[in-house]
file work-v4.cif (mmCIF, C-alpha atoms, pLDDT in the B column; chains and numbers go by the auth columns)
data_data
loop_
_atom_site.group_PDB
_atom_site.id
_atom_site.type_symbol
_atom_site.label_atom_id
_atom_site.label_comp_id
_atom_site.label_asym_id
_atom_site.label_seq_id
_atom_site.Cartn_x
_atom_site.Cartn_y
_atom_site.Cartn_z
_atom_site.B_iso_or_equiv
_atom_site.auth_seq_id
_atom_site.auth_asym_id
ATOM 1 C CA MET A 1 0.800 3.483 15.562 48.00 1 G
ATOM 2 C CA SER A 2 -1.184 0.532 16.889 52.00 2 G
ATOM 3 C CA ALA A 3 1.151 -2.185 18.152 59.00 3 G
ATOM 4 C CA ASP A 4 -1.128 -4.754 16.504 79.00 4 G
ATOM 5 C CA LEU A 5 -0.666 -3.112 13.113 93.00 5 G
ATOM 6 C CA SER A 6 2.973 -2.096 13.418 94.00 6 G
ATOM 7 C CA SER A 7 4.371 -5.209 11.726 94.00 7 G
ATOM 8 C CA VAL A 8 1.880 -4.991 8.851 96.00 8 G
ATOM 9 C CA ILE A 9 2.524 -1.260 8.347 97.00 9 G
ATOM 10 C CA ALA A 10 6.306 -1.713 8.494 96.00 10 G
ATOM 11 C CA ALA A 11 6.346 -4.647 6.049 96.00 11 G
ATOM 12 C CA THR A 12 3.958 -3.020 3.564 98.00 12 G
ATOM 13 C CA THR A 13 5.953 0.218 3.679 98.00 13 G
ATOM 14 C CA ARG A 14 9.141 -1.737 3.089 97.00 14 G
ATOM 15 C CA TRP A 15 7.602 -3.476 0.094 97.00 15 G
ATOM 16 C CA LEU A 16 6.524 -0.189 -1.469 97.00 16 G
ATOM 17 C CA VAL A 17 9.880 1.554 -1.096 96.00 17 G
ATOM 18 C CA ARG A 18 11.764 -1.489 -2.372 94.00 18 G
ATOM 19 C CA SER A 19 9.453 -1.910 -5.355 95.00 19 G
ATOM 20 C CA TYR A 20 9.507 1.807 -6.252 95.00 20 G
ATOM 21 C CA PRO A 21 12.933 2.976 -5.033 94.00 21 G
ATOM 22 C CA THR A 22 14.364 6.449 -5.095 91.00 22 G
ATOM 23 C CA ALA A 23 17.473 7.219 -7.097 82.00 23 G
ATOM 24 C CA GLY A 24 18.651 9.774 -4.540 85.00 24 G
ATOM 25 C CA GLY A 25 20.791 9.423 -1.437 91.00 25 G
ATOM 26 C CA VAL A 26 19.992 8.866 2.220 94.00 26 G
ATOM 27 C CA LEU A 27 17.784 11.957 2.535 94.00 27 G
ATOM 28 C CA SER A 28 15.688 10.987 -0.476 95.00 28 G
ATOM 29 C CA ALA A 29 15.331 7.438 0.811 96.00 29 G
ATOM 30 C CA SER A 30 14.181 8.720 4.203 96.00 30 G
ATOM 31 C CA LEU A 31 11.647 11.108 2.673 96.00 31 G
ATOM 32 C CA ALA A 32 10.280 8.426 0.342 97.00 32 G
ATOM 33 C CA GLU A 33 9.919 5.990 3.237 97.00 33 G
ATOM 34 C CA ALA A 34 8.142 8.619 5.338 97.00 34 G
ATOM 35 C CA GLN A 35 5.618 9.247 2.572 97.00 35 G
ATOM 36 C CA ALA A 36 5.035 5.548 2.014 98.00 36 G
ATOM 37 C CA ARG A 37 4.670 4.886 5.750 97.00 37 G
ATOM 38 C CA GLN A 38 2.141 7.692 6.151 97.00 38 G
ATOM 39 C CA ALA A 39 0.130 6.396 3.187 98.00 39 G
ATOM 40 C CA VAL A 40 0.180 2.834 4.538 98.00 40 G
ATOM 41 C CA THR A 41 -0.748 4.030 8.033 97.00 41 G
ATOM 42 C CA VAL A 42 -3.757 5.951 6.722 98.00 42 G
ATOM 43 C CA ALA A 43 -4.761 2.907 4.678 98.00 43 G
ATOM 44 C CA ALA A 44 -4.364 0.609 7.693 97.00 44 G
ATOM 45 C CA TRP A 45 -6.431 2.822 9.988 97.00 45 G
ATOM 46 C CA LEU A 46 -9.144 3.000 7.348 97.00 46 G
ATOM 47 C CA ARG A 47 -9.228 -0.726 6.643 97.00 47 G
ATOM 48 C CA TYR A 48 -8.823 -1.857 10.261 96.00 48 G
ATOM 49 C CA PRO A 49 -10.373 1.025 12.231 95.00 49 G
ATOM 50 C CA THR A 50 -10.794 -0.720 15.602 94.00 50 G
ATOM 51 C CA LEU A 51 -8.336 -2.387 17.944 93.00 51 G
ATOM 52 C CA LEU A 52 -10.279 -5.625 17.493 94.00 52 G
ATOM 53 C CA ASP A 53 -9.825 -5.396 13.713 94.00 53 G
ATOM 54 C CA ALA A 54 -6.096 -4.942 14.210 94.00 54 G
ATOM 55 C CA ALA A 55 -5.871 -7.858 16.634 92.00 55 G
ATOM 56 C CA LEU A 56 -7.636 -10.148 14.174 93.00 56 G
ATOM 57 C CA VAL A 57 -5.167 -9.217 11.439 92.00 57 G
ATOM 58 C CA ALA A 58 -2.278 -10.016 13.759 87.00 58 G
ATOM 59 C CA VAL A 59 -3.768 -13.463 14.416 90.00 59 G
ATOM 60 C CA ALA A 60 -4.909 -14.341 10.884 90.00 60 G
ATOM 61 C CA GLY A 61 -2.065 -12.672 8.997 89.00 61 G
ATOM 62 C CA PRO A 62 -2.396 -10.112 6.184 93.00 62 G
ATOM 63 C CA GLY A 63 -1.778 -12.430 3.231 93.00 63 G
ATOM 64 C CA GLY A 64 1.735 -11.621 2.087 94.00 64 G
ATOM 65 C CA ALA A 65 3.352 -10.070 -0.967 94.00 65 G
ATOM 66 C CA LEU A 66 3.272 -12.918 -3.506 92.00 66 G
ATOM 67 C CA ARG A 67 0.691 -11.481 -5.922 93.00 67 G
ATOM 68 C CA LEU A 68 2.227 -8.012 -5.603 95.00 68 G
ATOM 69 C CA ASP A 69 5.644 -9.465 -6.413 93.00 69 G
ATOM 70 C CA ARG A 70 4.223 -11.222 -9.453 92.00 70 G
ATOM 71 C CA ILE A 71 2.705 -7.980 -10.703 92.00 71 G
ATOM 72 C CA THR A 72 5.952 -6.037 -10.337 90.00 72 G
ATOM 73 C CA GLY A 73 8.050 -8.861 -11.762 84.00 73 G
ATOM 74 C CA ALA A 74 9.863 -9.684 -8.510 76.00 74 G
ATOM 75 C CA ALA A 75 8.406 -13.212 -8.386 71.00 75 G
ATOM 76 C CA ALA A 76 7.783 -15.839 -11.026 67.00 76 G
ATOM 77 C CA PRO A 77 4.314 -15.698 -12.616 73.00 77 G
ATOM 78 C CA GLU A 78 1.679 -18.368 -12.126 73.00 78 G
ATOM 79 C CA PRO A 79 2.558 -21.488 -14.163 66.00 79 G
ATOM 80 C CA ASP A 80 -0.442 -20.932 -16.443 61.00 80 G
ATOM 81 C CA GLY A 81 0.247 -17.197 -16.676 48.00 81 G
ATOM 82 C CA SER A 82 -2.915 -16.182 -14.853 48.00 82 G
ATOM 83 C CA GLY A 83 -3.748 -14.976 -11.369 47.00 83 G
ATOM 84 C CA ASP A 84 -6.247 -16.467 -8.971 47.00 84 G
ATOM 85 C CA PRO A 85 -9.695 -15.383 -10.191 39.00 85 G
ATOM 86 C CA GLY A 86 -11.027 -15.676 -6.673 39.00 86 G
ATOM 87 C CA ASP A 87 -8.957 -12.745 -5.549 43.00 87 G
ATOM 88 C CA GLN A 88 -10.194 -10.139 -8.009 42.00 88 G
ATOM 89 C CA ASP A 89 -11.998 -6.975 -7.005 45.00 89 G
ATOM 90 C CA GLY A 90 -13.950 -6.818 -10.232 40.00 90 G
ATOM 91 C CA PRO A 91 -13.966 -7.880 -13.876 36.00 91 G
ATOM 92 C CA GLY A 92 -10.471 -8.502 -15.138 38.00 92 G
ATOM 93 C CA ASP A 93 -7.392 -8.916 -12.972 43.00 93 G
ATOM 94 C CA PRO A 94 -5.034 -5.922 -12.930 45.00 94 G
ATOM 95 C CA GLY A 95 -2.449 -8.307 -11.494 44.00 95 G
ATOM 96 C CA GLY A 96 -2.532 -10.731 -14.399 42.00 96 G
ATOM 97 C CA ALA A 97 0.342 -11.597 -16.678 39.00 97 G
ATOM 98 C CA SER A 98 -0.307 -8.626 -18.964 38.00 98 G
ATOM 99 C CA ALA A 99 0.244 -6.185 -16.082 45.00 99 G
ATOM 100 C CA GLY A 100 3.472 -7.745 -14.844 44.00 100 G
ATOM 101 C CA LEU A 101 7.029 -6.970 -15.839 46.00 101 G
ATOM 102 C CA PRO A 102 9.533 -9.637 -16.930 50.00 102 G
ATOM 103 C CA TRP A 103 10.510 -11.730 -13.943 42.00 103 G
ATOM 104 C CA ILE A 104 13.598 -10.361 -12.191 46.00 104 G
ATOM 105 C CA PRO A 105 14.091 -11.896 -8.722 47.00 105 G
ATOM 106 C CA VAL A 106 13.992 -9.193 -6.068 50.00 106 G
ATOM 107 C CA PRO A 107 17.503 -8.414 -4.760 49.00 107 G
ATOM 108 C CA ARG A 108 18.234 -8.742 -1.082 49.00 108 G
ATOM 109 C CA GLU A 109 19.341 -5.811 0.998 52.00 109 G
ATOM 110 C CA PRO A 110 22.807 -5.951 2.614 47.00 110 G
ATOM 111 C CA GLY A 111 22.610 -8.168 5.683 48.00 111 G
ATOM 112 C CA GLU A 112 19.172 -9.532 4.786 52.00 112 G
ATOM 113 C CA THR A 113 18.960 -13.217 5.695 52.00 113 G
ATOM 114 C CA GLY A 114 15.443 -14.100 4.609 64.00 114 G
ATOM 115 C CA ASN A 115 12.096 -12.992 3.281 82.00 115 G
ATOM 116 C CA ALA A 116 9.890 -13.736 6.271 90.00 116 G
ATOM 117 C CA TRP A 117 8.939 -10.052 6.484 92.00 117 G
ATOM 118 C CA ARG A 118 7.161 -10.397 3.123 93.00 118 G
ATOM 119 C CA THR A 119 4.488 -12.569 4.751 94.00 119 G
ATOM 120 C CA TRP A 120 3.431 -9.481 6.746 95.00 120 G
ATOM 121 C CA VAL A 121 2.770 -7.385 3.634 97.00 121 G
ATOM 122 C CA ASP A 122 -0.905 -6.537 3.208 97.00 122 G
ATOM 123 C CA GLU A 123 -1.902 -6.413 -0.466 97.00 123 G
ATOM 124 C CA VAL A 124 -4.946 -4.229 0.148 98.00 124 G
ATOM 125 C CA LEU A 125 -2.952 -1.709 2.176 98.00 125 G
ATOM 126 C CA ALA A 126 -0.277 -1.557 -0.528 98.00 126 G
ATOM 127 C CA SER A 127 -2.983 -0.892 -3.119 98.00 127 G
ATOM 128 C CA TRP A 128 -4.761 1.740 -1.033 98.00 128 G
ATOM 129 C CA ALA A 129 -1.465 3.446 -0.201 98.00 129 G
ATOM 130 C CA ALA A 130 -0.567 3.532 -3.902 98.00 130 G
ATOM 131 C CA CYS A 131 -3.934 5.165 -4.594 98.00 131 G
ATOM 132 C CA LEU A 132 -3.326 7.815 -1.938 98.00 132 G
ATOM 133 C CA LEU A 133 0.198 8.555 -3.145 98.00 133 G
ATOM 134 C CA THR A 134 -1.011 9.124 -6.707 97.00 134 G
ATOM 135 C CA SER A 135 -4.531 10.558 -6.181 95.00 135 G
ATOM 136 C CA PRO A 136 -4.326 13.828 -4.215 94.00 136 G
ATOM 137 C CA ASP A 137 -8.110 14.239 -4.412 95.00 137 G
ATOM 138 C CA LEU A 138 -8.557 11.200 -2.154 97.00 138 G
ATOM 139 C CA VAL A 139 -6.048 12.110 0.530 97.00 139 G
ATOM 140 C CA GLU A 140 -7.981 14.689 2.549 95.00 140 G
ATOM 141 C CA GLU A 141 -11.006 12.433 2.870 96.00 141 G
ATOM 142 C CA ALA A 142 -8.847 9.405 3.654 97.00 142 G
ATOM 143 C CA VAL A 143 -6.870 11.198 6.367 97.00 143 G
ATOM 144 C CA ALA A 144 -10.077 12.477 7.940 95.00 144 G
ATOM 145 C CA GLY A 145 -11.454 8.946 7.991 95.00 145 G
ATOM 146 C CA ALA A 146 -8.255 7.517 9.469 96.00 146 G
ATOM 147 C CA LEU A 147 -8.267 10.101 12.246 95.00 147 G
ATOM 148 C CA ARG A 148 -11.726 8.904 13.271 94.00 148 G
ATOM 149 C CA SER A 149 -10.389 5.401 13.913 95.00 149 G
ATOM 150 C CA GLU A 150 -9.600 4.066 17.376 95.00 150 G
ATOM 151 C CA HIS A 151 -5.881 4.110 16.559 94.00 151 G
ATOM 152 C CA ALA A 152 -5.808 7.919 16.427 93.00 152 G
ATOM 153 C CA ARG A 153 -7.367 8.522 19.827 92.00 153 G
ATOM 154 C CA GLY A 154 -5.192 10.696 22.023 89.00 154 G
ATOM 155 C CA LEU A 155 -2.535 11.113 19.354 89.00 155 G
ATOM 156 C CA ALA A 156 -1.341 14.276 17.633 89.00 156 G
ATOM 157 C CA VAL A 157 -0.828 12.760 14.191 88.00 157 G
ATOM 158 C CA ASP A 158 0.720 14.614 11.272 89.00 158 G
ATOM 159 C CA PHE A 159 0.320 13.162 7.781 96.00 159 G
ATOM 160 C CA ARG A 160 1.808 16.239 6.133 95.00 160 G
ATOM 161 C CA ARG A 161 4.266 14.404 3.884 96.00 161 G
ATOM 162 C CA LEU A 162 1.379 12.453 2.401 97.00 162 G
ATOM 163 C CA ALA A 163 -1.221 15.227 2.315 95.00 163 G
ATOM 164 C CA ALA A 164 0.958 18.249 1.515 95.00 164 G
ATOM 165 C CA PRO A 165 4.248 17.064 0.003 95.00 165 G
ATOM 166 C CA ASP A 166 6.765 19.766 -0.799 95.00 166 G
ATOM 167 C CA GLY A 167 9.248 19.816 -3.659 95.00 167 G
ATOM 168 C CA LEU A 168 11.794 17.673 -1.818 95.00 168 G
ATOM 169 C CA ASP A 169 9.167 15.061 -1.015 95.00 169 G
ATOM 170 C CA ARG A 170 8.121 14.810 -4.651 94.00 170 G
ATOM 171 C CA GLN A 171 11.709 14.637 -5.884 95.00 171 G
ATOM 172 C CA ALA A 172 12.419 11.881 -3.365 96.00 172 G
ATOM 173 C CA ALA A 173 9.550 9.642 -4.511 96.00 173 G
ATOM 174 C CA PRO A 174 9.127 10.043 -8.273 95.00 174 G
ATOM 175 C CA LEU A 175 8.285 6.370 -8.811 96.00 175 G
ATOM 176 C CA LEU A 176 5.994 6.007 -5.791 96.00 176 G
ATOM 177 C CA ARG A 177 3.993 9.032 -6.923 96.00 177 G
ATOM 178 C CA HIS A 178 3.892 8.196 -10.637 96.00 178 G
ATOM 179 C CA PRO A 179 0.284 7.218 -11.478 96.00 179 G
ATOM 180 C CA ASP A 180 1.192 5.114 -14.505 96.00 180 G
ATOM 181 C CA LEU A 181 3.935 3.140 -12.773 95.00 181 G
ATOM 182 C CA VAL A 182 1.875 2.218 -9.713 96.00 182 G
ATOM 183 C CA ALA A 183 -1.409 1.757 -11.600 97.00 183 G
ATOM 184 C CA PRO A 184 -1.270 -2.087 -11.583 96.00 184 G
ATOM 185 C CA ILE A 185 -0.986 -2.044 -7.780 97.00 185 G
ATOM 186 C CA ALA A 186 -3.384 0.843 -7.147 97.00 186 G
ATOM 187 C CA GLY A 187 -5.980 -0.733 -9.406 97.00 187 G
ATOM 188 C CA LEU A 188 -6.150 -3.984 -7.444 97.00 188 G
ATOM 189 C CA HIS A 189 -8.291 -2.580 -4.622 98.00 189 G
ATOM 190 C CA ARG A 190 -9.089 1.005 -5.630 97.00 190 G
ATOM 191 C CA ALA A 191 -12.811 0.231 -5.714 97.00 191 G
ATOM 192 C CA GLY A 192 -12.647 -0.941 -2.117 97.00 192 G
ATOM 193 C CA LEU A 193 -10.976 2.290 -1.028 97.00 193 G
ATOM 194 C CA LEU A 194 -13.590 4.380 -2.789 97.00 194 G
ATOM 195 C CA ALA A 195 -16.343 2.339 -1.180 96.00 195 G
ATOM 196 C CA ARG A 196 -14.753 2.746 2.248 96.00 196 G
ATOM 197 C CA LEU A 197 -14.585 6.491 1.754 95.00 197 G
ATOM 198 C CA GLY A 198 -18.143 6.588 0.472 91.00 198 G
ATOM 199 C CA SER A 199 -16.855 8.156 -2.729 59.00 199 G
ATOM 200 C CA ARG A 200 -18.074 7.810 -6.263 49.00 200 G
ATOM 201 C CA ARG A 201 -15.126 8.824 -8.396 52.00 201 G
ATOM 202 C CA GLY A 202 -14.399 7.247 -11.747 50.00 202 G
ATOM 203 C CA PRO A 203 -15.649 4.088 -13.464 48.00 203 G
ATOM 204 C CA ASP A 204 -14.406 1.741 -10.729 49.00 204 G
ATOM 205 C CA ALA A 205 -16.426 3.376 -7.963 44.00 205 G
ATOM 206 C CA GLU A 206 -19.555 1.343 -8.626 44.00 206 G
ATOM 207 C CA ALA A 207 -17.751 -1.979 -8.272 43.00 207 G
ATOM 208 C CA VAL A 208 -17.424 -2.526 -4.540 39.00 208 G
ATOM 209 C CA ALA A 209 -14.347 -4.525 -3.721 39.00 209 G
ATOM 210 C CA ALA A 210 -14.751 -7.862 -2.016 39.00 210 G
ATOM 211 C CA ASP A 211 -12.406 -7.101 0.834 44.00 211 G
#
call {"tool": "encode", "arguments": {"input": "work-v4.cif", "output": "structure tokens"}}
result
Amino acid sequence: MSADLSSVIAATTRWLVRSYPTAGGVLSASLAEAQARQAVTVAAWLRYPTLLDAALVAVAGPGGALRLDRITGAAAPEPDGSGDPGDQDGPGDPGGASAGLPWIPVPREPGETGNAWRTWVDEVLASWAACLLTSPDLVEEAVAGALRSEHARGLAVDFRRLAAPDGLDRQAAPLLRHPDLVAPIAGLHRAGLLARLGSRRGPDAEAVAAD
């Protein structure tokens, strides 16, 4: 993993597994986190394929989790009940009030003293990872693209838990891999992922995301 992307990957993975938790024990939690981390890593290497890209993200910051939290109901909605129209990938905002759940403040983990880590969450990576976890037809192409990035040079990388999950993997991450549950997050930047892959799948493929 690129040192310049490690904080972004770790925070975005943490957001995904906290927002779509497993109901199992320690093993299930570990397997779900591994799948989420692999999906976020592939997304990060696709979106920021060079070391310079990664360095710029580290300097500028990835944007944080606020809109994601509003969509999942972990943060209060916008006062007027609408998202920022400047942030949309296309017509309509999948993150608007109609997509969100009732506001329930996100609980803190034992020993957690603050939410500074949430500022390192990358909304686009969370969306792309959600797409990969719920769209098996995209994974092979996405992994191949990620392995062509500068981050993969000289590494023997295995994305098996993302690309070829077994029964235990699927049982460990039923929420993360449920297309309907993650659709509001996946839909935010799906068009951008398809454009990055050079794909033309589904009605969103023609709308290139403004990344």
call {"tool": "residues_around", "arguments": {"input": "work-v4.cif", "residues": "G:Ala55", "least_positions_apart": "3", "cutoff": "12 Å", "atoms": "only C-alpha atoms", "output": "JSON list (two decimals) with C-alpha atoms, keeping the file's coordinate frame"}}
result
[["chain", "number", "residue", "atom", "x", "y", "z"],
["G", 2, "SER", "CA", -1.18, 0.53, 16.89],
["G", 3, "ALA", "CA", 1.15, -2.18, 18.15],
["G", 4, "ASP", "CA", -1.13, -4.75, 16.50],
["G", 5, "LEU", "CA", -0.67, -3.11, 13.11],
["G", 6, "SER", "CA", 2.97, -2.10, 13.42],
["G", 7, "SER", "CA", 4.37, -5.21, 11.73],
["G", 8, "VAL", "CA", 1.88, -4.99, 8.85],
["G", 48, "TYR", "CA", -8.82, -1.86, 10.26],
["G", 49, "PRO", "CA", -10.37, 1.02, 12.23],
["G", 50, "THR", "CA", -10.79, -0.72, 15.60],
["G", 51, "LEU", "CA", -8.34, -2.39, 17.94],
["G", 52, "LEU", "CA", -10.28, -5.62, 17.49],
["G", 58, "ALA", "CA", -2.28, -10.02, 13.76],
["G", 59, "VAL", "CA", -3.77, -13.46, 14.42],
["G", 60, "ALA", "CA", -4.91, -14.34, 10.88],
["G", 61, "GLY", "CA", -2.06, -12.67, 9.00],
["G", 62, "PRO", "CA", -2.40, -10.11, 6.18],
["G", 151, "HIS", "CA", -5.88, 4.11, 16.56]]
call {"tool": "resolve_selection", "arguments": {"input": "work-v4.cif", "expression": "the PyMOL selection byres ((chain G and resi 147-150) around 12)", "output": "JSON, numbers by chain"}}
result
{"G": [1, 2, 41, 42, 43, 44, 45, 46, 47, 48, 49, 50, 51, 52, 53, 54, 140, 141, 142, 143, 144, 145, 146, 151, 152, 153, 154, 155, 156, 157, 158, 159]}
call {"tool": "resolve_selection", "arguments": {"input": "work-v4.cif", "expression": "the PyMOL selection byres ((chain G and resi 179) around 9)", "output": "ChimeraX atom specification"}}
result
/G:130-131,133-135,175-178,180-183,186
call {"tool": "atom_distance", "arguments": {"input": "work-v4.cif", "atom1": "atom CA of G:Val40", "atom2": "atom CA of G:Ala129"}}
result
5.1 Å
call {"tool": "residues_near_point", "arguments": {"input": "work-v4.cif", "point": "(-8.4, 1.3, -5.6)", "cutoff": "8 Å", "atoms": "all atoms listed in the file", "output": "ChimeraX atom specification"}}
result
/G:127-128,131,186-194,204
call {"tool": "atom_distance", "arguments": {"input": "work-v4.cif", "atom1": "atom CA of G:Leu168", "atom2": "atom CA of G:Ala36"}}
result
14.4 Å
call {"tool": "atom_distance", "arguments": {"input": "work-v4.cif", "atom1": "atom CA of G:Asp69", "atom2": "atom CA of G:Ser19"}}
result
8.5 Å
call {"tool": "closest_residue", "arguments": {"input": "work-v4.cif", "among": "G:Thr12, G:Gln171, G:Thr22, G:Gln38", "to": "G:Gly63", "atoms": "all atoms listed in the file"}}
result
G:Thr12
call {"tool": "residues_around", "arguments": {"input": "work-v4.cif", "residues": "G:Gly24", "least_positions_apart": "6", "cutoff": "12 Å", "atoms": "only C-alpha atoms", "output": "short mmCIF file (atom, residue, chain, number, x, y, z; two decimals) with C-alpha atoms, in the coordinates of the input"}}
result
data_model
loop_
_atom_site.label_atom_id
_atom_site.label_comp_id
_atom_site.auth_asym_id
_atom_site.auth_seq_id
_atom_site.Cartn_x
_atom_site.Cartn_y
_atom_site.Cartn_z
CA SER G 30 14.18 8.72 4.20
CA LEU G 31 11.65 11.11 2.67
CA ALA G 32 10.28 8.43 0.34
CA LEU G 168 11.79 17.67 -1.82
CA ASP G 169 9.17 15.06 -1.01
CA ARG G 170 8.12 14.81 -4.65
CA GLN G 171 11.71 14.64 -5.88
CA ALA G 172 12.42 11.88 -3.36
CA ALA G 173 9.55 9.64 -4.51
CA PRO G 174 9.13 10.04 -8.27
CA LEU G 175 8.28 6.37 -8.81
#
call {"tool": "resolve_selection", "arguments": {"input": "work-v4.cif", "expression": "the PyMOL selection byres ((chain G and resi 120) around 6)", "output": "list in words"}}
result
Val8, Ala11, Pro62, Gly64, Trp117, Arg118, Thr119 and Val121 of chain G
call {"tool": "closest_residue", "arguments": {"input": "work-v4.cif", "among": "G:Leu68, G:Leu56, G:Val17, G:Leu197", "to": "G:Pro184", "atoms": "all atoms listed in the file"}}
result
G:Leu68
